[in-house]
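Shown here: structure.cif, mmCIF, C-alpha atoms.
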data_entry
#
loop_
_atom_site.label_atom_id
_atom_site.label_comp_id
_atom_site.auth_asym_id
_atom_site.auth_seq_id
_atom_site.Cartn_x
_atom_site.Cartn_y
_atom_site.Cartn_z
CA MET A 1 146.70 2.32 -207.41
CA THR A 2 146.67 5.78 -205.85
CA GLY A 3 148.27 8.83 -207.34
CA SER A 4 150.45 11.37 -205.63
CA LEU A 5 149.03 14.76 -204.83
CA THR A 6 150.18 16.33 -208.04
CA MET A 7 149.80 13.43 -210.43
CA GLU A 8 146.50 12.10 -211.62
CA ALA A 9 146.16 8.37 -211.01
CA PRO A 10 145.57 6.70 -214.37
CA ALA A 11 142.22 4.97 -214.80
CA ARG A 12 142.61 1.57 -213.26
CA ILE A 13 141.98 -0.77 -216.14
CA GLY A 14 140.47 -4.00 -214.97
CA ASP A 15 138.40 -2.38 -212.22
CA THR A 16 135.12 -4.21 -212.11
CA ARG A 17 132.20 -2.17 -213.44
CA ARG A 18 128.79 -3.30 -214.52
CA LEU A 19 127.60 -2.39 -217.98
CA SER A 20 124.03 -1.27 -218.32
CA ALA A 21 121.08 -3.48 -219.24
CA GLY A 22 122.21 -6.11 -216.74
CA LEU A 23 125.40 -7.13 -218.48
CA PRO A 24 128.26 -7.63 -216.05
CA GLY A 25 131.63 -6.64 -217.39
CA ARG A 26 135.16 -5.64 -216.75
CA TYR A 27 137.22 -3.12 -218.62
CA GLY A 28 139.71 -5.01 -220.66
CA ARG A 29 142.98 -4.20 -222.21
CA PHE A 30 141.64 -2.37 -225.23
CA VAL A 31 140.57 0.57 -223.15
CA VAL A 32 144.22 0.89 -222.25
CA ASP A 33 145.23 0.43 -225.84
CA ALA A 34 142.81 3.08 -227.05
CA VAL A 35 144.07 5.51 -224.44
CA ASP A 36 147.73 4.78 -225.12
CA SER A 37 147.60 4.61 -228.88
CA ASP A 38 145.86 7.99 -228.95
CA LEU A 39 148.45 9.38 -226.58
CA GLU A 40 151.32 8.02 -228.66
CA ALA A 41 149.89 9.47 -231.86
CA ASP A 42 149.22 12.83 -230.25
CA PHE A 43 152.70 12.93 -228.74
CA ARG A 44 154.33 12.12 -232.05
CA ALA A 45 152.18 14.77 -233.73
CA GLY A 46 153.42 17.41 -231.31
CA ASP A 47 150.24 18.09 -229.35
CA PRO A 48 151.55 19.85 -226.21
CA ASP A 49 148.72 18.44 -224.14
CA ALA A 50 150.06 14.99 -224.99
CA LEU A 51 153.21 15.77 -223.04
CA ARG A 52 151.14 16.63 -220.01
CA ARG A 53 149.15 13.41 -220.45
CA ALA A 54 152.36 11.43 -220.85
CA HIS A 55 153.65 12.97 -217.65
CA VAL A 56 150.46 11.97 -215.84
CA ARG A 57 150.62 8.45 -217.17
CA PHE A 58 154.35 7.69 -217.10
CA GLY A 59 155.88 10.30 -214.82
CA ARG A 60 155.78 8.06 -211.80
CA ASP A 61 157.54 5.19 -213.57
CA VAL A 62 160.18 7.55 -214.95
CA GLN A 63 160.77 9.12 -211.59
CA ARG A 64 161.07 5.73 -209.92
CA LEU A 65 163.86 4.82 -212.32
CA CYS A 66 165.57 8.12 -211.58
CA ALA A 67 165.19 7.61 -207.83
CA ARG A 68 166.67 4.14 -208.09
CA THR A 69 169.71 5.36 -209.99
CA VAL A 70 170.51 8.95 -208.98
CA GLY A 71 168.76 8.84 -205.61
CA VAL A 72 165.56 10.28 -204.23
CA ASP A 73 166.89 13.82 -203.78
CA ASP A 74 167.77 14.35 -207.44
CA ALA A 75 165.01 12.21 -208.93
CA ALA A 76 162.60 15.07 -209.65
CA ASP A 77 165.26 17.14 -211.43
CA VAL A 78 166.37 14.27 -213.65
CA THR A 79 162.74 13.41 -214.38
CA GLN A 80 162.13 16.95 -215.55
CA GLU A 81 165.25 16.82 -217.72
CA ALA A 82 163.98 13.58 -219.23
CA PHE A 83 160.55 14.93 -220.14
CA ILE A 84 162.08 18.09 -221.55
CA ALA A 85 164.52 16.09 -223.68
CA ALA A 86 161.76 13.71 -224.75
CA TRP A 87 159.65 16.58 -226.02
CA ARG A 88 162.56 18.21 -227.82
CA THR A 89 163.35 14.94 -229.59
CA ARG A 90 159.79 13.74 -230.02
CA GLU A 91 160.26 13.21 -233.76
CA ARG A 92 162.54 10.33 -232.81
CA PHE A 93 159.72 8.50 -231.07
CA ASP A 94 158.29 5.87 -233.40
CA PRO A 95 155.31 3.87 -232.12
CA ALA A 96 156.24 1.07 -234.51
CA ARG A 97 159.52 0.56 -232.68
CA GLY A 98 158.05 0.34 -229.18
CA SER A 99 155.86 2.00 -226.60
CA LEU A 100 156.02 5.63 -225.50
CA GLY A 101 156.26 4.60 -221.85
CA GLY A 102 159.32 2.46 -222.55
CA TRP A 103 160.87 5.19 -224.69
CA LEU A 104 160.44 7.78 -221.94
CA VAL A 105 162.15 5.51 -219.43
CA GLY A 106 164.93 5.10 -222.00
CA ILE A 107 165.38 8.86 -222.28
CA ALA A 108 165.42 9.07 -218.49
CA LYS A 109 168.00 6.31 -218.34
CA PHE A 110 170.44 8.36 -220.42
CA LYS A 111 169.77 11.45 -218.32
CA ALA A 112 170.39 9.44 -215.17
CA ILE A 113 173.68 8.14 -216.54
CA ASP A 114 174.74 11.67 -217.49
CA HIS A 115 173.80 12.88 -214.02
CA LEU A 116 175.84 10.15 -212.38
CA ARG A 117 178.86 10.93 -214.54
CA ARG A 118 178.66 14.63 -213.65
CA ARG A 119 178.35 13.72 -210.01
CA GLU A 120 181.29 11.35 -210.20
CA ARG A 121 183.48 13.99 -211.85
CA SER A 122 182.60 16.59 -209.26
CA GLN A 123 183.22 14.20 -206.42
CA ARG A 124 186.44 12.68 -207.68
CA ASP A 125 188.37 13.84 -204.65
CA ILE A 126 185.69 12.83 -202.20
CA PRO A 127 185.67 9.23 -201.02
CA GLY A 128 182.26 7.73 -201.11
CA ASP A 129 180.05 5.15 -202.75
CA PRO A 130 181.21 4.06 -206.19
CA ALA A 131 179.11 5.47 -209.01
CA VAL A 132 176.42 3.22 -210.35
CA GLY A 133 177.84 1.81 -213.58
CA ASP A 134 176.20 2.29 -216.95
CA SER A 135 175.43 -1.40 -217.30
CA SER A 136 173.67 -1.60 -213.97
CA VAL A 137 171.58 1.47 -214.86
CA GLU A 138 170.62 -0.34 -218.05
CA ASP A 139 169.68 -3.45 -216.07
CA VAL A 140 167.60 -1.47 -213.60
CA ALA A 141 165.85 0.35 -216.44
CA GLN A 142 164.90 -2.90 -218.16
CA GLN A 143 163.67 -4.47 -214.95
CA MET A 144 161.63 -1.43 -214.04
CA VAL A 145 160.03 -1.16 -217.47
CA VAL A 146 158.88 -4.77 -217.20
CA ALA A 147 157.72 -4.37 -213.60
CA ALA A 148 155.76 -1.20 -214.40
CA ALA A 149 154.22 -2.78 -217.48
CA ILE A 150 153.07 -5.80 -215.49
CA GLU A 151 151.39 -3.44 -213.04
CA ARG A 152 149.47 -1.83 -215.90
CA LEU A 153 148.05 -5.07 -217.26
CA PRO A 154 144.34 -5.74 -216.81
CA ASP A 155 143.71 -7.73 -213.65
CA ARG A 156 143.09 -11.12 -215.20
CA MET A 157 145.98 -10.81 -217.63
CA ARG A 158 148.29 -9.65 -214.88
CA ALA A 159 147.27 -12.55 -212.67
CA ALA A 160 147.97 -14.99 -215.51
CA MET A 161 151.35 -13.41 -216.24
CA GLU A 162 152.36 -13.47 -212.59
CA LEU A 163 151.53 -17.15 -212.33
CA ALA A 164 153.40 -17.71 -215.59
CA PHE A 165 156.52 -15.92 -214.34
CA TYR A 166 156.65 -16.81 -210.68
CA SER A 167 155.02 -20.21 -210.35
CA ASP A 168 155.41 -23.59 -211.97
CA LEU A 169 151.72 -24.12 -212.57
CA THR A 170 150.65 -25.56 -215.90
CA HIS A 171 148.20 -23.69 -218.14
CA THR A 172 145.43 -25.95 -216.88
CA GLN A 173 146.33 -25.25 -213.26
CA ILE A 174 146.44 -21.51 -213.96
CA SER A 175 143.06 -21.79 -215.62
CA GLU A 176 141.65 -23.47 -212.52
CA ARG A 177 143.31 -21.02 -210.15
CA LEU A 178 141.93 -18.01 -212.02
CA ASP A 179 138.60 -19.63 -212.85
CA ALA A 180 139.12 -18.64 -216.48
CA PRO A 181 138.88 -20.77 -219.63
CA LEU A 182 142.09 -22.47 -220.72
CA GLY A 183 142.05 -20.71 -224.09
CA THR A 184 141.67 -17.37 -222.38
CA VAL A 185 144.66 -18.07 -220.15
CA LYS A 186 146.83 -19.01 -223.10
CA SER A 187 145.67 -15.94 -224.99
CA ASP A 188 146.25 -13.69 -221.97
CA ILE A 189 149.81 -14.97 -221.66
CA ARG A 190 150.57 -14.36 -225.32
CA ARG A 191 148.98 -10.91 -225.32
CA GLY A 192 150.58 -10.00 -222.00
CA LEU A 193 153.95 -11.03 -223.34
CA ALA A 194 153.39 -8.97 -226.50
CA ARG A 195 152.64 -5.91 -224.40
CA LEU A 196 155.65 -6.33 -222.17
CA LYS A 197 157.84 -6.92 -225.21
CA ARG A 198 156.61 -3.67 -226.75
CA GLU A 199 157.51 -1.77 -223.60
CA LEU A 200 161.04 -3.15 -223.69
CA GLU A 201 161.32 -2.34 -227.37
CA GLY A 202 160.42 1.26 -226.53
CA LEU A 203 163.23 1.34 -224.01
CA ASP A 204 165.64 -0.21 -226.51
CA ALA A 205 164.67 2.35 -229.17
CA ALA A 206 165.53 5.39 -227.05
CA ASP A 207 168.77 7.10 -227.98
CA MET B 1 163.66 -31.81 -224.87
CA GLN B 2 161.27 -28.94 -225.47
CA PRO B 3 157.51 -29.31 -225.18
CA ILE B 4 155.77 -29.93 -228.48
CA ASP B 5 152.82 -27.60 -227.91
CA PRO B 6 153.69 -23.97 -228.84
CA ASP B 7 151.95 -22.54 -225.77
CA ASP B 8 153.82 -24.93 -223.51
CA ARG B 9 157.08 -23.93 -225.19
CA LEU B 10 156.25 -20.29 -224.58
CA LEU B 11 155.49 -20.91 -220.92
CA ALA B 12 158.73 -22.86 -220.51
CA ALA B 13 160.69 -20.02 -222.13
CA LEU B 14 158.97 -17.44 -219.86
CA ARG B 15 160.24 -19.45 -216.94
CA GLY B 16 163.81 -19.57 -218.15
CA GLY B 17 163.76 -22.86 -220.01
CA ALA B 18 166.12 -23.51 -222.88
CA VAL B 19 165.02 -22.12 -226.23
CA ASP B 20 165.40 -23.77 -229.62
CA LEU B 21 166.69 -20.86 -231.66
CA ASP B 22 166.21 -22.75 -234.91
CA GLY B 23 162.51 -23.26 -234.43
CA PRO B 24 159.77 -21.26 -236.15
CA ASP B 25 158.83 -19.42 -232.98
CA ALA B 26 162.40 -18.66 -231.94
CA GLU B 27 161.81 -14.92 -231.82
CA ASP B 28 158.78 -15.26 -229.56
CA LEU B 29 160.61 -17.67 -227.30
CA ALA B 30 163.67 -15.43 -227.04
CA ALA B 31 161.45 -12.48 -226.12
CA ALA B 32 159.65 -14.63 -223.56
CA GLN B 33 162.95 -15.66 -222.01
CA ARG B 34 164.14 -12.07 -221.78
CA VAL B 35 160.90 -10.73 -220.33
CA GLY B 36 160.64 -13.59 -217.87
CA ALA B 37 164.19 -13.13 -216.62
CA LEU B 38 163.60 -9.40 -216.15
CA ALA B 39 160.31 -9.97 -214.35
CA ARG B 40 161.99 -12.33 -211.92
CA SER B 41 164.98 -10.11 -211.25
CA ALA B 42 162.68 -7.10 -210.83
CA ARG B 43 160.77 -9.07 -208.26
CA ALA B 44 163.97 -10.12 -206.50
CA GLU B 45 165.00 -6.48 -206.38
CA ASP B 46 161.51 -5.54 -205.18
CA LEU B 47 161.06 -3.04 -207.98
CA GLY B 48 157.44 -3.88 -208.71
CA GLY B 49 155.99 -2.35 -205.60
CA GLY B 50 157.62 0.92 -206.45
CA PRO B 51 160.71 2.37 -204.86
CA GLU B 52 160.41 5.71 -203.19
CA MET B 53 160.56 8.42 -205.79
CA GLY B 54 160.69 11.53 -203.70
CA GLU B 55 158.89 14.77 -204.38
CA PRO B 56 157.00 14.39 -207.70
CA ALA B 57 158.44 16.35 -210.60
CA SER B 58 156.25 19.30 -211.38
CA PHE B 59 154.84 19.45 -214.87
CA ASP B 60 154.64 23.23 -214.60
CA ALA B 61 158.43 23.41 -214.49
CA ILE B 62 158.66 21.22 -217.59
CA ALA B 63 156.10 23.28 -219.48
CA THR B 64 157.78 26.54 -218.48
CA GLU B 65 161.20 25.35 -219.65
CA LEU B 66 159.71 24.27 -222.97
CA GLY B 67 157.62 27.42 -223.33
CA LEU B 68 154.49 25.34 -223.71
CA ASP B 69 151.06 26.87 -223.48
CA GLN B 70 149.43 24.74 -220.81
CA HIS B 71 146.00 24.95 -222.34
CA PRO B 72 144.89 22.46 -224.94
CA ALA B 73 144.76 23.68 -228.53
CA VAL B 74 141.12 23.83 -229.45
CA ASP B 75 140.12 25.26 -232.80
CA ALA B 76 136.78 26.55 -231.66
CA VAL B 77 138.05 28.28 -228.53
CA PRO B 78 140.38 31.26 -229.03
CA ASP B 79 143.07 31.90 -226.44
CA THR B 80 142.35 34.75 -224.07
CA PRO B 81 145.17 37.10 -223.14
CA ASP B 82 145.36 36.01 -219.52
CA ASN B 83 145.41 32.24 -220.22
CA SER B 84 148.86 31.89 -218.78
CA THR B 85 147.65 32.66 -215.29
CA ASN B 86 144.75 30.24 -215.33
CA VAL B 87 145.16 26.65 -214.37
CA VAL B 88 142.39 24.63 -215.98
CA PRO B 89 141.38 21.54 -214.03
CA LEU B 90 141.75 18.26 -215.85
CA ALA B 91 138.04 17.56 -216.12
CA SER B 92 137.34 20.76 -217.95
CA ARG B 93 140.38 20.21 -220.16
CA ARG B 94 138.66 17.10 -221.39
CA ARG B 95 135.57 19.15 -221.93
CA LEU B 96 137.50 21.60 -224.05
CA ARG B 97 139.12 18.80 -226.01
CA TRP B 98 135.92 17.15 -227.00
CA MET B 99 133.51 20.04 -227.03
CA ALA B 100 134.58 21.57 -230.31
CA PRO B 101 133.61 18.68 -232.59
CA LEU B 102 130.69 17.72 -230.40
CA ALA B 103 129.21 21.15 -229.80
CA ALA B 104 127.03 20.59 -232.81
CA ALA B 105 126.37 16.95 -232.08
CA ALA B 106 122.96 17.60 -230.63
CA VAL B 107 121.99 19.15 -233.91
CA VAL B 108 123.96 16.82 -236.14
CA ILE B 109 122.61 13.56 -234.79
CA ALA B 110 119.47 13.89 -236.82
CA VAL B 111 121.50 14.74 -239.91
CA VAL B 112 123.94 11.84 -239.66
CA GLY B 113 121.63 9.55 -241.60
CA VAL B 114 121.74 11.81 -244.60
CA ALA B 115 125.50 12.17 -244.46
CA ILE B 116 126.00 8.41 -244.43
CA SER B 117 123.71 7.74 -247.33
CA LEU B 118 125.63 10.21 -249.45
CA ARG B 119 128.91 8.38 -248.85
CA ASP B 120 130.64 7.07 -251.92
CA ALA B 121 129.63 3.42 -252.14
CA SER B 122 132.96 2.45 -253.65
CA SER B 123 134.97 3.49 -250.60
CA GLY B 124 134.78 0.06 -249.02
CA ARG B 125 133.11 -3.32 -248.92
CA SER B 126 130.21 -3.74 -246.54
CA VAL B 127 130.90 -6.77 -244.37
CA ALA B 128 127.91 -6.69 -242.06
CA THR B 129 125.13 -4.44 -240.87
CA ALA B 130 123.17 -4.51 -237.64
CA ALA B 131 120.24 -2.66 -236.20
CA LEU B 132 121.08 -1.43 -232.70
CA ASP B 133 118.45 -1.83 -229.99
CA PRO B 134 117.37 1.45 -228.40
CA LEU B 135 118.03 0.63 -224.75
CA ALA B 136 116.59 3.94 -223.54
CA ASP B 137 113.40 3.29 -225.46
CA ALA B 138 114.15 6.23 -227.73
CA GLY B 139 115.71 6.78 -231.09
CA SER B 140 117.11 4.32 -233.58
CA ALA B 141 120.55 3.33 -234.75
CA THR B 142 122.25 1.10 -237.24
CA ALA B 143 125.84 0.02 -237.60
CA GLU B 144 127.80 -1.15 -240.58
CA LEU B 145 131.20 -2.80 -240.73
CA VAL B 146 133.11 -1.81 -243.84
CA GLU B 147 136.31 -3.37 -245.09
CA LEU B 148 138.82 -1.09 -246.77
CA ASP B 149 142.04 -1.92 -248.55
CA ASP B 150 144.06 -1.37 -245.42
CA GLY B 151 141.69 -2.06 -242.55
CA PHE B 152 138.16 -1.74 -241.28
CA GLU B 153 135.77 1.06 -240.54
CA LEU B 154 132.65 1.12 -238.43
CA HIS B 155 129.82 3.34 -239.58
CA VAL B 156 127.22 4.21 -236.99
CA GLU B 157 124.11 6.07 -237.91
CA LEU B 158 121.90 7.16 -235.04
CA GLU B 159 119.12 9.55 -234.28
CA GLY B 160 116.67 10.56 -231.64
CA VAL B 161 118.94 10.56 -228.59
CA GLN B 162 120.32 13.72 -227.05
CA PRO B 163 123.39 13.44 -224.85
CA GLY B 164 122.12 16.19 -222.56
CA ASP B 165 125.07 17.74 -220.76
CA GLY B 166 127.29 14.81 -221.65
CA TYR B 167 128.32 13.24 -224.93
CA LEU B 168 127.78 10.01 -226.84
CA GLU B 169 130.61 7.50 -227.08
CA VAL B 170 130.90 4.50 -229.38
CA TRP B 171 132.33 1.17 -228.21
CA LEU B 172 133.08 -2.27 -229.55
CA ILE B 173 132.62 -5.15 -227.12
CA ASN B 174 133.80 -8.74 -227.37
CA GLY B 175 131.44 -11.68 -227.53
CA GLU B 176 132.02 -12.64 -223.90
CA ILE B 177 131.14 -9.08 -222.83
CA THR B 178 134.38 -8.86 -220.89
CA GLU B 179 136.39 -6.40 -222.92
CA LEU B 180 135.60 -3.02 -224.39
CA LEU B 181 137.26 -0.94 -227.03
CA SER B 182 136.42 2.73 -227.13
CA LEU B 183 136.15 4.25 -230.57
CA GLY B 184 135.80 7.66 -229.00
CA PRO B 185 133.06 10.25 -228.97
CA ALA B 186 130.34 10.05 -231.58
CA ARG B 187 131.59 11.74 -234.74
CA ASP B 188 129.71 13.98 -237.12
CA ASP B 189 130.37 11.65 -240.02
CA GLY B 190 129.66 8.52 -238.00
CA THR B 191 132.83 6.86 -239.26
CA TYR B 192 135.28 5.15 -236.95
CA ARG B 193 138.51 3.62 -238.09
CA LEU B 194 139.17 0.37 -236.24
CA PRO B 195 142.67 -0.01 -234.78
CA ASP B 196 144.99 -1.75 -237.22
CA GLY B 197 145.35 -5.42 -236.46
CA LEU B 198 142.06 -5.67 -234.58
CA ASP B 199 139.96 -8.63 -235.66
CA PRO B 200 136.39 -7.29 -235.99
CA ALA B 201 134.99 -10.78 -235.46
CA ALA B 202 136.43 -10.72 -231.96
CA PHE B 203 134.44 -7.57 -231.14
CA PRO B 204 131.04 -8.01 -232.73
CA VAL B 205 128.97 -5.94 -230.29
CA VAL B 206 128.46 -2.24 -230.99
CA ASP B 207 127.47 -0.06 -228.06
CA VAL B 208 126.69 3.65 -227.80
CA SER B 209 126.71 5.22 -224.36
CA ILE B 210 126.13 8.56 -222.77
CA GLU B 211 129.30 9.72 -221.08
CA HIS B 212 129.92 12.64 -218.80
CA PHE B 213 132.71 15.16 -218.54
CA ASP B 214 134.17 13.63 -215.43
CA GLY B 215 137.65 12.78 -216.62
CA ASP B 216 136.82 9.09 -216.39
CA PRO B 217 137.55 7.23 -219.60
CA THR B 218 135.73 4.07 -218.55
CA HIS B 219 132.25 3.15 -219.76
CA SER B 220 129.57 4.99 -217.80
CA GLY B 221 127.28 1.97 -217.83
CA ASP B 222 124.62 4.19 -219.43
CA SER B 223 124.16 2.57 -222.85
CA VAL B 224 121.57 3.94 -225.24
CA PHE B 225 122.09 1.63 -228.21
CA ARG B 226 123.51 -1.85 -228.50
CA GLY B 227 123.54 -4.42 -231.26
CA GLN B 228 125.64 -7.24 -232.60
CA PHE B 229 127.07 -8.05 -235.99
CA GLU B 230 126.72 -11.57 -237.33
CA LEU B 231 130.32 -12.28 -238.24
#

Please go through the file and, once you have read it, give me the structure as C-alpha cells.
Amino acid sequence: MTGSLTMEAPARIGDTRRLSAGLPGRYGRFVVDAVDSDLEADFRAGDPDALRRAHVRFGRDVQRLCARTVGVDDAADVTQEAFIAAWRTRERFDPARGSLGGWLVGIAKFKAIDHLRRRERSQRDIPGDPAVGDSSVEDVAQQMVVAAAIERLPDRMRAAMELAFYSDLTHTQISERLDAPLGTVKSDIRRGLARLKRELEGLDAAD
Amino acid sequence: MQPIDPDDRLLAALRGGAVDLDGPDAEDLAAAQRVGALARSARAEDLGGGPEMGEPASFDAIATELGLDQHPAVDAVPDTPDNSTNVVPLASRRRLRWMAPLAAAAVVIAVVGVAISLRDASSGRSVATAALDPLADAGSATAELVELDDGFELHVELEGVQPGDGYLEVWLINGEITELLSLGPARDDGTYRLPDGLDPAAFPVVDVSIEHFDGDPTHSGDSVFRGQFEL
C-alpha cells in the first residue's frame, strides 16, 4: 500500500518481519488495534494531533467516498468539510458505538449528500446527469467502509475473509489453501467479521 | 436446512445463506449476512482497489479552518513564538510525543524496582509472575500479571538496560509468536493496563524492545528482555 505525496502511508500490518533471537513473526491485528484504540481515545479526548493522525489514517478512504459521490474535482473540498465537521462534533464520536474510521466516512457521507443537493439546486435549469440519490450514497458508503476495512486486515485474516466472501471453499479447504490451522481460520473469520461489523457500526452511528 | 456447526452457519451467512433469526446466534448471522453482501457488491463495483480520489485534501487547510496549533501538545516543551511557521516532520513529532515522559527513563529505570515494591498490595490480585531473560546479556527484568476488578494490568520491573538514543517498548506476544500487542513505551511506574476484553492467557509472552524514533510503530526486532507467564 503506497501513500500519496502528502499522506503518510499507514504501517502495513501483516508485513513479514523477523523478531529478534531467531523467532520468526508477523505483525498481527493487535498492533492495529493498539494504534487505532489510542487514536480513537485521543480523538475523543480532543487531542488536536489526533485529528492529524486520523487524517493520515482515514483521509484516503474518506476522500474515495467523496470522489465516488461528488466526483473527483470536488472530492478534496468535501473531504476537508468532513474532517472539519468531525472535529467540531467530536464529542458525538463514541468508540463503543463503532469505529472512528467508519464514523468519519459517515460524516463525509452527509457532507457529500449536502454537496449534491446544493449542486442540484444550482443546476436545476441545466440538463445533465441526474443527482446521485441519498440512498445510493448510503449504499456506496457502506460498501466502501467494508472494502476499506477488508484492505486493513492483517494479511492472513484478509486472505481468510476473502475466501469466505468470494469463494465456496469449506473451512477445511481454506485452511489447506492458506496453510493455516483450521482453528486459526475459524477464529480469523470470526475476528475479521467483528472488525468489519465495528466499522459499519461507526458509519451507522454518524449523524 | 442450516448447518449445525456454528462456524459453518456463520460461513453460510457470510455467503448470503438464509439465516435463522430465532437462533441464539441470530445477531452474529445477521451481521455476517450484511457484511458479506456489502463485500460482494463492493467487489462488483470495483470499490476495493480504490477509485480515483483526485488531489489529496490538505490537512493544513483543515487545521487552519479549525484554528488548530499544528504542533503536538507536550507538557515538557513550551511553545515558541514562531511555532506557526515551522512544519515539524512526522518522525520528530513522535519524538516530541514520547520524549516528555521518557526523558527521565534512563535515570528512572534503576528506580523502577523501588517504585513497584512500594505499590499498595491490595490494588489487585497477582495472577502470575515471570523472570524475563536478558537477551542482550545485560540487566534483569521481571513481569507480573495482576487482575483488577475491571481488567488486568501488567507490571514490568527492569533495570540495567539503557535505550541509548531510542526508547524501550513493552509488548505482549501470543503463544504461537505470530501476533504482537504493543503496550507502548516503558512507563516510569512500570504499569500497563491491558486492553479490555483481551484474554491474557492468549498473550503469555512479555517482550521489551529497543525502539527508535523512526515513525515506525512495528517491532524493531531488537528485544532486550523476553519471558513467558505460565497461565

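Selection check: the PyMOL selection byres ((chain B and resi 182-191) around 6) on the shown file gives Leu154, His155, Val156, Leu168, Glu169, Val170, Trp171, Leu181 and Tyr192 of chain B.
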
Just checking: using all atoms listed in the file, which residue out of B:Ala130, B:Leu198, B:Ala57, B:Val208 ends up closest to chain A? B:Ala57

Need the shell around region 166-170 of chain A: protein/DNA/RNA residues with any atom at most 9 Å away, counting all atoms listed in the file. Skip same-chain ones fewer than 3 positions apart. Format as JSON, numbers by chain? {"A": [161, 162, 163, 173, 174, 175], "B": [8, 11, 15, 36, 39, 40]}

Could the residues in this selection be written to a file with C-alpha atoms, as a PDB file, in the frame of the given file?
ATOM      1  CA  MET A 161     151.350 -13.410-216.240  1.00  0.00           C
ATOM      2  CA  GLU A 162     152.360 -13.470-212.590  1.00  0.00           C
ATOM      3  CA  LEU A 163     151.530 -17.150-212.330  1.00  0.00           C
ATOM      4  CA  GLN A 173     146.330 -25.250-213.260  1.00  0.00           C
ATOM      5  CA  ILE A 174     146.440 -21.510-213.960  1.00  0.00           C
ATOM      6  CA  SER A 175     143.060 -21.790-215.620  1.00  0.00           C
TER       7      SER A 175
ATOM      8  CA  ASP B   8     153.820 -24.930-223.510  1.00  0.00           C
ATOM      9  CA  LEU B  11     155.490 -20.910-220.920  1.00  0.00           C
ATOM     10  CA  ARG B  15     160.240 -19.450-216.940  1.00  0.00           C
ATOM     11  CA  GLY B  36     160.640 -13.590-217.870  1.00  0.00           C
ATOM     12  CA  ALA B  39     160.310  -9.970-214.350  1.00  0.00           C
ATOM     13  CA  ARG B  40     161.990 -12.330-211.920  1.00  0.00           C
TER      14      ARG B  40
END

For a quick check of understanding, using all atoms listed in the file, which of A:Val72, A:Leu200, A:Leu182, A:Ala45 has the smallest distance to chain B? A:Val72

Mind listing as a ChimeraX atom specification which residues of chain B are within 7 Å of chain A, counting only C-alpha atoms? /B:7,11,14-15,31-32,35-36,38-42,47-48,50-57,59,62,66,68,72,177-182,216,221-223

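With all atoms listed in the file as the atoms that count, the residue of A:Val137, A:Ala108, A:Ala96, A:Leu178 with the shortest distance to Glu199 (chain A) is A:Ala96.
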
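Taking CA of Ala160 (chain A) and CA of Gly183 (chain A) as endpoints, the distance between them is 11.9 Å.
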
Apply the PyMOL selection byres ((chain A and resi 104) around 9) to the file shown and report the selected residues as a VMD selection string. chain A and resid 54 58 to 59 62 82 to 83 86 99 to 103 105 to 109 202 to 203 206

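Here CA of Glu153 (chain B) stands at a distance of 20.5 Å from CA of Asp133 (chain B).
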